[in-house]
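Below is one structure; the comments refer to it alone.
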Amino acid sequence: MTIFKKIIDRDIPAKIVYEDELCLAFHDVNPQAPVHVLIIPKKEISAVDAIQAEDKELIGHIFCVIPKIAKDLGLAEGYRVVTNNGLLAGQTVAHLHFHILGGRPMMWPPG
Ligand code: 5GP
């Protein structure tokens, strides 16, 4: 079981900013920007690589929710959505998650 499943199940605390029947969003414990929120599906999907055709609606739903969260968090001037897939990309938690980062200028390309 991943740490994110424990957050979904309320076994460990998190600063939750949004929740519905399909997904959960909460502040990252180690923020890399003034605003750093993670949005995750409640369904246990390990990574982008593990997304199935049946997850299309779920993933689309998450991307419909992201702009609402960004607006609520005051990121009208812009924000970045990032997902790391696999070891080389730096994925450390094997539960699909999208980072929402904002509140400062974002560099490109990322490191
Ligand atoms: P990844 O490196 O897999 O793309 O991102 C995992 C993210 O989860 C990291 O930014 C890390 O700080 C965050 N994280 C890891 N454990 C916890 C936790 O217990 N609570 C919260 N809120 N964030 C966590």
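For the structure tokens, the naming scheme is as follows: chains receive sequential letters (A, B, ...) according to their order of presentation, residues are indexed from 1 within each chain, and ligands are indexed from 1 in presentation order.
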
Please identify every polymer residue within 8 Å of ligand 1, using only C-alpha atoms and all ligand atoms, and present the set as a PyMOL selection string.
chain A and resi 3-4+7+12-15+26-32+38+82-85+89-95+97-99

Determine, counting only C-alpha atoms, which protein, DNA and RNA residues have an atom within 8 Å of an atom of region 103-110 of chain A; residues of the same chain fewer than 4 positions away are not included. Present the result as a PDB file with N, CA, C and O atoms, in the first residue's frame.
ATOM      1  N   ALA A  33       7.439  24.879  -4.594  1.00  0.00           N
ATOM      2  CA  ALA A  33       6.982  26.195  -5.051  1.00  0.00           C
ATOM      3  C   ALA A  33       6.043  26.718  -3.971  1.00  0.00           C
ATOM      4  O   ALA A  33       5.589  25.940  -3.117  1.00  0.00           O
ATOM      5  N   PRO A  34       5.744  28.018  -3.986  1.00  0.00           N
ATOM      6  CA  PRO A  34       4.834  28.558  -2.967  1.00  0.00           C
ATOM      7  C   PRO A  34       3.505  27.798  -2.908  1.00  0.00           C
ATOM      8  O   PRO A  34       2.929  27.645  -1.828  1.00  0.00           O
ATOM      9  N   VAL A  35       3.027  27.360  -4.061  1.00  0.00           N
ATOM     10  CA  VAL A  35       1.862  26.470  -4.089  1.00  0.00           C
ATOM     11  C   VAL A  35       2.305  25.153  -4.728  1.00  0.00           C
ATOM     12  O   VAL A  35       2.839  25.146  -5.849  1.00  0.00           O
ATOM     13  N   LEU A  75      -3.901  30.825  -8.566  1.00  0.00           N
ATOM     14  CA  LEU A  75      -2.861  30.665  -9.575  1.00  0.00           C
ATOM     15  C   LEU A  75      -3.298  31.195 -10.947  1.00  0.00           C
ATOM     16  O   LEU A  75      -2.912  30.644 -11.990  1.00  0.00           O
ATOM     17  N   TYR A  79       0.424  28.270 -13.903  1.00  0.00           N
ATOM     18  CA  TYR A  79       0.879  27.176 -13.036  1.00  0.00           C
ATOM     19  C   TYR A  79       1.366  26.048 -13.928  1.00  0.00           C
ATOM     20  O   TYR A  79       1.129  26.042 -15.144  1.00  0.00           O
ATOM     21  N   ARG A  80       2.056  25.113 -13.322  1.00  0.00           N
ATOM     22  CA  ARG A  80       2.567  23.972 -14.076  1.00  0.00           C
ATOM     23  C   ARG A  80       1.940  22.694 -13.542  1.00  0.00           C
ATOM     24  O   ARG A  80       1.785  22.536 -12.323  1.00  0.00           O
TER      25      ARG A  80
END

Strand (DSSP E) residues, from DSSP on the backbone, in chain A, as a VMD selection string
chain A and resid 16 to 19 23 to 27 35 to 41 79 to 82 98 to 102

Between A:Val81, A:Ile16, A:Ile8, A:Ile59, which one has atoms that come closest to Lys42 (chain A), using only C-alpha atoms?
A:Ile8

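Each of A:Lys68, A:Lys5, A:Lys43, A:Arg10 was compared to Asp55 (chain A) using only C-alpha atoms, and A:Lys43 turns out to be the nearest.
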
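The two atoms in question, CA of Gly111 (chain A) and CA of Leu88 (chain A), are spaced 11.8 Å apart.
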
From A:Cys64, A:Ile69, A:Ala47, A:Ala53, residue lying nearest Leu101 (chain A) [only C-alpha atoms]
A:Ile69

Exercise: region 72-74 of chain A partners within 10 Å, only C-alpha atoms, chain neighbours under 5 positions left out, as a list in words
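Final neighbour list, sorted by chain and number: Val17, Tyr18, Val35, His36, Val37, Ile66, Pro67, Tyr79, Gly102 and Gly103 of chain A.
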
What does the file look like for those residues with N, CA, C and O atoms, as a PDB file, in the first residue's frame?
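Final output, saved to out_28.pdb:
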ATOM      1  N   VAL A  17      -7.251  19.887  -0.168  1.00  0.00           N
ATOM      2  CA  VAL A  17      -7.837  21.098  -0.751  1.00  0.00           C
ATOM      3  C   VAL A  17      -9.048  20.788  -1.620  1.00  0.00           C
ATOM      4  O   VAL A  17      -9.837  21.682  -1.934  1.00  0.00           O
ATOM      5  N   TYR A  18      -9.194  19.529  -2.033  1.00  0.00           N
ATOM      6  CA  TYR A  18     -10.325  19.157  -2.889  1.00  0.00           C
ATOM      7  C   TYR A  18     -10.547  17.658  -2.791  1.00  0.00           C
ATOM      8  O   TYR A  18      -9.585  16.885  -2.728  1.00  0.00           O
ATOM      9  N   VAL A  35       3.027  27.360  -4.061  1.00  0.00           N
ATOM     10  CA  VAL A  35       1.862  26.470  -4.089  1.00  0.00           C
ATOM     11  C   VAL A  35       2.305  25.153  -4.728  1.00  0.00           C
ATOM     12  O   VAL A  35       2.839  25.146  -5.849  1.00  0.00           O
ATOM     13  N   HIS A  36       2.135  24.069  -4.028  1.00  0.00           N
ATOM     14  CA  HIS A  36       2.500  22.742  -4.562  1.00  0.00           C
ATOM     15  C   HIS A  36       1.479  21.736  -4.031  1.00  0.00           C
ATOM     16  O   HIS A  36       1.537  21.315  -2.875  1.00  0.00           O
ATOM     17  N   VAL A  37       0.559  21.410  -4.916  1.00  0.00           N
ATOM     18  CA  VAL A  37      -0.535  20.503  -4.564  1.00  0.00           C
ATOM     19  C   VAL A  37      -0.434  19.263  -5.447  1.00  0.00           C
ATOM     20  O   VAL A  37       0.001  19.342  -6.609  1.00  0.00           O
ATOM     21  N   ILE A  66      -8.391  20.156 -12.212  1.00  0.00           N
ATOM     22  CA  ILE A  66      -7.143  20.902 -11.985  1.00  0.00           C
ATOM     23  C   ILE A  66      -7.330  22.424 -12.121  1.00  0.00           C
ATOM     24  O   ILE A  66      -6.912  23.170 -11.220  1.00  0.00           O
ATOM     25  N   PRO A  67      -7.968  22.930 -13.182  1.00  0.00           N
ATOM     26  CA  PRO A  67      -8.110  24.387 -13.287  1.00  0.00           C
ATOM     27  C   PRO A  67      -8.948  24.993 -12.158  1.00  0.00           C
ATOM     28  O   PRO A  67      -8.706  26.131 -11.738  1.00  0.00           O
ATOM     29  N   TYR A  79       0.424  28.270 -13.903  1.00  0.00           N
ATOM     30  CA  TYR A  79       0.879  27.176 -13.036  1.00  0.00           C
ATOM     31  C   TYR A  79       1.366  26.048 -13.928  1.00  0.00           C
ATOM     32  O   TYR A  79       1.129  26.042 -15.144  1.00  0.00           O
ATOM     33  N   GLY A 102       2.832  26.382  -8.538  1.00  0.00           N
ATOM     34  CA  GLY A 102       2.654  27.772  -8.933  1.00  0.00           C
ATOM     35  C   GLY A 102       3.066  28.724  -7.838  1.00  0.00           C
ATOM     36  O   GLY A 102       3.586  28.328  -6.796  1.00  0.00           O
ATOM     37  N   GLY A 103       2.852  30.008  -8.132  1.00  0.00           N
ATOM     38  CA  GLY A 103       3.200  31.036  -7.156  1.00  0.00           C
ATOM     39  C   GLY A 103       4.583  31.597  -7.358  1.00  0.00           C
ATOM     40  O   GLY A 103       5.030  32.461  -6.590  1.00  0.00           O
TER      41      GLY A 103
END

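CA of Ile40 (chain A) to CA of Leu96 (chain A) spans 6.1 Å [interatomic distance, one decimal].
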
Env of Leu58 (chain A): 8 Å cut, atoms = only C-alpha atoms, seq-sep filter 4 positions within chain, self excluded. Answer as a PyMOL selection string.
chain A and resi 22+41+62

Write out as number ranges by chain the set of residues from region 8-91 of chain A that DSSP, computed on the backbone, places in helix (DSSP H, G or I).
A: 8, 48-50, 53-72, 87-89

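Taking CA of Val48 (chain A) and CA of Leu24 (chain A) as endpoints, the distance between them is 16.9 Å.
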
For Ala70 (chain A), which of A:Met1, A:Leu87, A:Ala25, A:Ile100 is the closest residue, counting only C-alpha atoms?
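That would be A:Ile100, the residue with the smallest distance to Ala70 (chain A).
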